[in-house]
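K.L.:
Structure provided below as structure tokens; questions to follow.
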Amino acid sequence: MCVRSRTGCVIPELTVRVARASNPRGTTAMTIRDHLNGLWSDEDFEEWYPRDGKPSLSPAQLATVSVLQFLLELSDRQAAESVRNRIDFKYALGMELEDPGFHHSVLADFRERLAEEGRADKLLNLALEKIQAIGLVRERGRQRTDSTHVLAAVRDLTRLELVTEAMRAALEELARRAPHELVGLVTEDWGKRYGRAARLGKNPSKPKTRIKETGEDVRLLLRYVHRYLPALRDGEQVQALRQIFVQNYFLDAQDRPKWREAEDAGLPPSAVAIVSPYDVSARYARRGETRWKGFLAHVTETCDPDTPSVITDVTTTKAAVHDTKALPGILANLDHRNLLSKEHFVDGGYLSVALKQQVAREHAVGLVGPIRARSTRQSRKGTVFHRDAFTIDWDAKKVTCPQGKVSRRWSTPPSLAPYVNVEFSPDDCRQCPVKAACTRTDARKVTFLPRDLYDIQSESRTEQQTQEWLSRYSLRAAIESTISEFVNGHGMRQCRYRSEEKAHVQHVLTAIAVNLERIGVHLPPAPARQPRNPTALQGFLDRQHIPRPRSWRVATHPAD
């Protein structure tokens, strides 16, 4: 018996069974195709390609191969070879057995298209629509989000190595685009300094001399390109060199480049500081004991009972972007996909009182997470004179201290984060018998949130101390296993490609691959196929009770 694919190709059913038994992960993709008839079709990608020119390969097939590539952790060459040789790939793609496949470079071109105009997210949208259609994602259920650090596909460089390598990369770019323009400019000294990759280490010889010479070389090259090579100014590496030079040097009164120091001209913050000329979007960040250069991947999944945990969003940001800045974008993506939850579980890094109020107002989503504990000196010492010990009269705009003294000033200074600042009279504080337990200045100042946010803060801090809240919040902990699955099972910790956009493509394809594995377990087995009706001769043999072979494998010749 044979199986007919979507494209009309015929694959022996026994061959399909062997493919399923020999490769469990390949079985997952085949099961998804059996139930969902593929995650997408060529019509879903019409806007990605021009209407004229040479016909392209099937974009639906390329998208499926890209997902299988991350499911099985294959390189481009290995994925293309699997398309040519593996039965499970041909079945999942609906290809003829004799189909020769395609060249591996086509996959890189397809990822280039995915990195443009948010197309990777559109690919995830198409996959989630099919998953929603079979009822594996509940409407307004529960979801959770967490992040993990991702290392950029670049070498770790010191500041001097960074400038030196940026200079070398710019010269390489100019040598490719206009080698004749470098005649007379590149000297023997430049050949020694930039003829090979910079590997100076943390303690190079003659560091001051190297810093001075490299700065002068960069200054000379940038002036030369600006004056004589205007057509080459927009080069990617030339632009990177210009930014790296400004971030690490400044010009003194004599217009000479000088090395920047933190206490002198100042260094750029990590949010904008370039760490490699080959990936200008990567950033340095530090969280606790973890230090890295690269990006952050924010993973969101469902956590409803009796349903698989489906990845509903993957957001890639620069490493220095705080989690609270990423959460509004995550919720906007979920809103676009009609996948907003009723409760969204996050850790303290994603949560602030103002953000909790904003999300509830704009999306009707309840953020569940710990509100940061008090951080004043008094609360850390454990004395009774922390902010909660003061009585607030919101209508009169007065605050009364535990000793009965009333504040003399109430102000709301302009700030991005709204707060109320209250001051007490120095005369009252100097004469207070418990002043040492309250403040070290002449008068106590108390800062707190506006009334609506203050109420949310107080209620949240009280609620998160209850056992009921702790039991409910325990759902968030399972996201750690999902992060471990991404990192250890699919290699998401290390970027395969350079740039934030291509790193996001990697994360989206990984998320779709994880979803395929998860929902494949929850789908029922493929329905049994009915055997063929017997032929006229076979029917005659059966009616006459004459034995006949039921499979070609048992058809043997008797010995002579």
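Identifiers in the structure tokens: chain A, B, ... in order shown; residue index from 1 per chain; ligand index from 1 in order shown.
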Extract the full set of strand (DSSP E or B) residues from segment 146-380 of chain A according to DSSP on the backbone, and format it as a PyMOL selection string.
P.N.:
chain A and resi 146-151+249-251+257-259+283-287+290-302+311-318+343-345+366-368
K.L.:
Could you write out that same residue set with C-alpha atoms as an mmCIF file, in the first residue's frame?
P.N.:
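This went into out.cif:
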```
data_model
loop_
_atom_site.group_PDB
_atom_site.id
_atom_site.type_symbol
_atom_site.label_atom_id
_atom_site.label_comp_id
_atom_site.auth_asym_id
_atom_site.auth_seq_id
_atom_site.Cartn_x
_atom_site.Cartn_y
_atom_site.Cartn_z
ATOM 1 C CA ASP A 146 11.128 34.696 31.270
ATOM 2 C CA SER A 147 14.370 35.728 29.591
ATOM 3 C CA THR A 148 17.818 34.287 29.085
ATOM 4 C CA HIS A 149 21.081 35.736 27.847
ATOM 5 C CA VAL A 150 22.310 34.923 24.349
ATOM 6 C CA LEU A 151 25.934 35.220 23.281
ATOM 7 C CA TYR A 249 38.700 58.465 21.462
ATOM 8 C CA PHE A 250 38.122 62.200 21.749
ATOM 9 C CA LEU A 251 39.900 65.090 20.044
ATOM 10 C CA PRO A 257 42.917 61.742 19.149
ATOM 11 C CA LYS A 258 43.117 60.929 22.858
ATOM 12 C CA TRP A 259 42.069 57.744 24.618
ATOM 13 C CA ARG A 283 25.783 44.881 23.610
ATOM 14 C CA TYR A 284 27.543 44.164 26.893
ATOM 15 C CA ALA A 285 25.404 43.504 29.958
ATOM 16 C CA ARG A 286 25.774 42.249 33.511
ATOM 17 C CA ARG A 287 23.158 40.600 35.716
ATOM 18 C CA THR A 290 26.575 36.787 34.660
ATOM 19 C CA ARG A 291 28.427 38.970 32.173
ATOM 20 C CA TRP A 292 28.027 38.601 28.430
ATOM 21 C CA LYS A 293 28.032 40.367 25.070
ATOM 22 C CA GLY A 294 25.029 39.778 22.879
ATOM 23 C CA PHE A 295 21.268 39.808 23.328
ATOM 24 C CA LEU A 296 18.341 38.782 25.506
ATOM 25 C CA ALA A 297 15.703 36.276 24.394
ATOM 26 C CA HIS A 298 12.296 36.609 26.080
ATOM 27 C CA VAL A 299 10.222 33.415 25.827
ATOM 28 C CA THR A 300 6.454 33.362 26.502
ATOM 29 C CA GLU A 301 4.409 30.167 26.779
ATOM 30 C CA THR A 302 0.959 29.032 27.876
ATOM 31 C CA ILE A 311 5.360 29.006 22.835
ATOM 32 C CA THR A 312 3.279 32.052 21.915
ATOM 33 C CA ASP A 313 6.009 34.673 21.540
ATOM 34 C CA VAL A 314 9.775 35.059 21.325
ATOM 35 C CA THR A 315 11.193 38.576 21.568
ATOM 36 C CA THR A 316 14.857 39.388 20.986
ATOM 37 C CA THR A 317 16.338 42.555 22.466
ATOM 38 C CA LYS A 318 19.783 43.992 23.042
ATOM 39 C CA GLU A 343 -3.124 36.144 34.028
ATOM 40 C CA HIS A 344 0.487 36.626 32.975
ATOM 41 C CA PHE A 345 3.198 35.302 35.315
ATOM 42 C CA GLY A 366 -3.351 40.744 35.354
ATOM 43 C CA LEU A 367 0.417 40.669 35.870
ATOM 44 C CA VAL A 368 1.318 38.208 38.604
#
```
K.L.:
Output as a PyMOL selection string all residues of segment 142-285 of chain A that backbone DSSP marks as helix (DSSP H, G or I).
P.N.:
chain A and resi 159-177+179-182+188-194+207-228+230-232+236-248
K.L.:
When distances are computed from only C-alpha atoms, which of A:Ser481, A:Ala63, A:Ala127, A:Gly235 shows the smallest separation from Glu172 of chain A?
P.N.:
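For Glu172 of chain A, the nearest of the candidates is A:Gly235.
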K.L.:
Return the single residue from A:Arg498, A:Arg337, A:Lys445, A:Arg144 that is closest to Arg408 of chain A, with distances computed using only C-alpha atoms.
P.N.:
A:Lys445
K.L.:
For a quick check of understanding, using only C-alpha atoms, which of A:Val487, A:Ala360, A:Ala108, A:Val353 has the smallest distance to Leu331 of chain A?
P.N.:
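Under the stated criterion, the closest residue is A:Ala360.
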K.L.:
Just the residues within 12 Å of Glu46 of chain A, please, counting only C-alpha atoms, with nothing from its chain fewer than 4 positions along; format it as number ranges by chain.
P.N.:
A: 40-42, 50-52, 55-56, 58-60
K.L.:
Which is closest to Leu449 of chain A among A:Leu128, A:Ser352, A:Leu62, A:Arg472, if we use only C-alpha atoms?
P.N.:
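Between A:Leu128, A:Ser352, A:Leu62, A:Arg472, the residue approaching Leu449 of chain A most closely is A:Ser352.
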K.L.:
Just want the 10 Å neighbourhood of Ser411 of chain A, counted on only C-alpha atoms, with same-chain residues fewer than 3 positions away dropped. Output as a list of chain:residue names.
P.N.:
A:Lys397, A:Pro414, A:Tyr419, A:Val420, A:Asn421, A:Val422, A:Glu423, A:Thr447
K.L.:
Give me, please, the distance in Å between atom CA of Thr510 of chain A and atom CA of Asp44 of chain A, quoted to one decimal.
P.N.:
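One can read the atom CA of Thr510 of chain A to atom CA of Asp44 of chain A distance as 20.1 Å.
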K.L.:
I'd like to know which of A:Gln467, A:His322, A:Gly184, A:Phe89 is closest to Leu72 of chain A, using only C-alpha atoms.
P.N.:
A:Phe89
K.L.:
Hey, can you check how far atom CA of Ala166 of chain A sits from atom CA of Gly215 of chain A?
P.N.:
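Atom CA of Gly215 of chain A lies 11.4 Å from atom CA of Ala166 of chain A.
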K.L.:
To one decimal in Å, tell me the separation between atom CA of Gln506 of chain A and atom CA of Trp48 of chain A.
P.N.:
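Atom CA of Gln506 of chain A sits 18.7 Å away from atom CA of Trp48 of chain A.
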